[in-house]
Amino acid sequence: MAKTVVIRAHGGPEVLEIEDRAVGAPGKGEIRIRHDACGLNFIDIYQRDGLYPMTLPHALGMEAAGVIEAVGEGVAHLKPGDRAAYAAQPPGAYTEARVMPAAQVCPLPDGIDFETGAAMMLKGLTVEYLFHRTVPLKAGDTVLFHAAAGGVGLIACQWARSEGIRLIGTAGSEEKRALAKAHGADAVVDYNAPDWPAQVRALTDGRGVDVVMDSVGAATFEGSLDCLRPLGMMISFGNASGPVPPVNLATLAAKGSLQITRPTLFTHIAEHDRCQQMAQHLFDKVGSGAVQIRIDQRFPLAEVAEAHRALASRKTTGSTVLLP
Ligand SMILES: NC(=O)c1ccc[n+]([C@@H]2O[C@H](COP(=O)([O-])OP(=O)(O)OC[C@H]3O[C@@H](n4cnc5c(N)ncnc54)[C@H](OP(=O)(O)O)[C@@H]3O)[C@@H](O)[C@H]2O)c1
């Protein structure tokens, strides 16, 4: 049996329940893993509150690290006793142990501890695809990155610095802006200031940034378009402040033939080989010290509701882990 966080209805943190679930044996293409740490991500909030609906009841959580206990038929890249970490569908990572598809589970290098593994897979693989698989980016390019002191944000700041990409970060408090700067943001802007798009433009001598990476959504979408240079790329990849309303495509023409995409990590890691390559790239960045994974909050798994409240109310910085 494994203590597992489940929801029976969509709603606030109060719908998070813990129940004992049987774990069972892995079938073809599956593994059984015992978790040492689970990652907390904003997508868990969207799934809990119903922005991303699920068939209920459902277990929650998309990221964890631990030890492989058993492997099913056809699994060649993992064996019992291996250390491993993952970001993967289906939700169910907030648990002591589970059976799940093996394809996205990655062997964890010895130099990376379990908490770090659980704190970095979903956020780090996201940064990997944002910087390397979404739009051609090269040293000297300028990126505007919102919520730069968050879990994805602090990894993005360091990743950009390691690639020679200039990152302008936004964050909602003085402390968060200082944190983003300390992790590699070239400049930081308070996006609570009404003129924040003008401030970003001024930081590019009026030209506009090459790319915006916007996970805040409704509150920042329009302003983000105003920060782009002609032919620039808007990457809308999240909805922390609410989903982006329907877009009039003519707006993109009027603002300078802008490009736009709305990616999700799970398309990028759908294929086993590509997922493992992306993970290796991430492990190399972390192993070399170019990217350090900052865990600023730790909660016992039983206090998962408190963890959700903290993330949703903008009280967190860096990554958060849940400890079974
Ligand atoms: N599409 C993908 O593939 C993908 C993958 C991973 C993550 N994401 C997205 O990336 C974003 C960051 O994820 P994360 O887990 O690392 O979270 P996070 O950045 O640690 O936390 C979210 C941050 O967003 C900012 N924010 C702005 N308006 C907000 C509001 N109304 N409510 C709550 N927060 C608000 C807050 O920072 P300030 O206090 O500085 O404003 C907050 O700390 C999320 O939107 C997530 O869905 C997308």
# chains A, B, ... in the order shown; residues from 1 in each chain; ligands from 1

$ select_by_dssp --residues "region 255-297 of chain A" --states "strand (DSSP E)" --output "ChimeraX atom specification"
/A:259-261,295-297

$ write_last_selection --atoms "C-alpha atoms" --output "PDB file, in the first residue's frame"
ATOM      1  CA  GLN A 259       4.783  34.730 -34.309  1.00  0.00           C
ATOM      2  CA  ILE A 260       3.035  32.825 -31.549  1.00  0.00           C
ATOM      3  CA  THR A 261       3.077  29.297 -30.172  1.00  0.00           C
ATOM      4  CA  ILE A 295      14.674  24.130  -3.352  1.00  0.00           C
ATOM      5  CA  ASP A 296      13.172  26.879  -1.221  1.00  0.00           C
ATOM      6  CA  GLN A 297      10.197  24.973   0.215  1.00  0.00           C
TER       7      GLN A 297
END

$ residues_near_ligand --ligand "ligand 1" --cutoff "6 Å" --atoms "only C-alpha atoms and all ligand atoms" --output "list in words"
Asn41, Phe42, Ile43, Lys123, Thr126, Ala147, Gly150, Gly151, Val152, Gly153, Ala171, Gly172, Ser215, Val216, Phe237, Gly238, Asn239, Ala240, Ser241, Pro263, Thr264, Leu265, Leu311, Ala312, Ser313, Arg314, Thr316, Thr317 and Gly318 of chain A

$ write_last_selection --atoms "N, CA and C atoms" --output "CSV table (one decimal), in the first residue's frame"
chain,number,residue,atom,x,y,z
A,41,ASN,N,4.3,21.4,-8.9
A,41,ASN,CA,4.2,22.2,-10.1
A,41,ASN,C,2.9,22.9,-10.3
A,42,PHE,N,2.9,24.0,-11.0
A,42,PHE,CA,1.7,24.8,-11.2
A,42,PHE,C,0.7,24.0,-11.9
A,43,ILE,N,1.1,23.1,-12.8
A,43,ILE,CA,0.1,22.2,-13.5
A,43,ILE,C,-0.7,21.4,-12.5
A,123,LYS,N,10.4,21.1,-14.5
A,123,LYS,CA,10.8,22.5,-14.7
A,123,LYS,C,12.0,22.6,-15.6
A,126,THR,N,11.3,21.6,-19.2
A,126,THR,CA,10.6,22.7,-19.9
A,126,THR,C,11.5,23.8,-20.3
A,147,ALA,N,7.8,35.8,-14.4
A,147,ALA,CA,7.9,35.0,-13.1
A,147,ALA,C,9.2,34.3,-13.0
A,150,GLY,N,10.5,32.0,-10.0
A,150,GLY,CA,9.7,30.8,-9.7
A,150,GLY,C,10.6,29.6,-10.0
A,151,GLY,N,9.9,28.4,-10.0
A,151,GLY,CA,10.6,27.2,-10.2
A,151,GLY,C,11.2,27.1,-11.6
A,152,VAL,N,10.4,27.3,-12.6
A,152,VAL,CA,10.9,27.3,-14.0
A,152,VAL,C,11.8,28.5,-14.1
A,153,GLY,N,11.4,29.6,-13.6
A,153,GLY,CA,12.1,30.9,-13.8
A,153,GLY,C,13.5,30.9,-13.4
A,171,ALA,N,9.2,39.9,-12.0
A,171,ALA,CA,8.8,39.2,-10.8
A,171,ALA,C,8.0,40.3,-10.0
A,172,GLY,N,7.2,39.7,-9.0
A,172,GLY,CA,6.3,40.6,-8.3
A,172,GLY,C,6.8,41.2,-7.0
A,215,SER,N,4.4,32.5,-19.0
A,215,SER,CA,3.6,31.5,-18.3
A,215,SER,C,2.6,32.1,-17.3
A,216,VAL,N,2.5,33.4,-17.3
A,216,VAL,CA,1.6,34.1,-16.4
A,216,VAL,C,0.2,34.2,-17.1
A,237,PHE,N,3.2,29.7,-22.5
A,237,PHE,CA,3.3,28.3,-22.0
A,237,PHE,C,2.7,28.1,-20.6
A,238,GLY,N,1.8,29.0,-20.2
A,238,GLY,CA,1.2,28.8,-18.9
A,238,GLY,C,0.1,29.8,-18.6
A,239,ASN,N,-0.6,29.6,-17.4
A,239,ASN,CA,-1.8,30.4,-17.1
A,239,ASN,C,-1.8,30.7,-15.6
A,240,ALA,N,-0.7,31.1,-15.0
A,240,ALA,CA,-0.7,31.3,-13.5
A,240,ALA,C,-1.7,32.3,-13.1
A,241,SER,N,-2.0,33.3,-13.9
A,241,SER,CA,-3.0,34.3,-13.6
A,241,SER,C,-4.3,34.1,-14.3
A,263,PRO,N,3.1,25.9,-26.5
A,263,PRO,CA,3.6,24.5,-26.4
A,263,PRO,C,3.3,23.9,-25.0
A,264,THR,N,3.5,22.6,-24.9
A,264,THR,CA,3.4,21.9,-23.6
A,264,THR,C,4.6,20.9,-23.6
A,265,LEU,N,5.1,20.7,-22.4
A,265,LEU,CA,6.3,19.7,-22.3
A,265,LEU,C,5.9,18.4,-22.7
A,311,LEU,N,2.1,27.9,-3.3
A,311,LEU,CA,2.4,28.1,-4.7
A,311,LEU,C,1.3,29.0,-5.3
A,312,ALA,N,0.1,28.8,-5.1
A,312,ALA,CA,-1.0,29.6,-5.7
A,312,ALA,C,-1.0,31.0,-5.3
A,313,SER,N,-0.5,31.3,-4.0
A,313,SER,CA,-0.6,32.6,-3.5
A,313,SER,C,0.7,33.4,-3.7
A,314,ARG,N,1.6,32.9,-4.5
A,314,ARG,CA,2.8,33.6,-4.9
A,314,ARG,C,3.8,33.7,-3.8
A,316,THR,N,6.0,31.3,-2.9
A,316,THR,CA,7.2,30.5,-3.1
A,316,THR,C,8.2,31.2,-4.0
A,317,THR,N,9.4,30.7,-3.9
A,317,THR,CA,10.5,31.0,-4.9
A,317,THR,C,11.1,29.7,-5.3
A,318,GLY,N,11.8,29.6,-6.4
A,318,GLY,CA,12.4,28.4,-6.8
A,318,GLY,C,11.5,27.2,-6.8

$ atom_distance --atom1 "CA of Tyr86 (chain A)" --atom2 "CA of Tyr46 (chain A)"
19.5 Å

$ atom_distance --atom1 "CA of Pro101 (chain A)" --atom2 "CA of Gly29 (chain A)"
5.9 Å
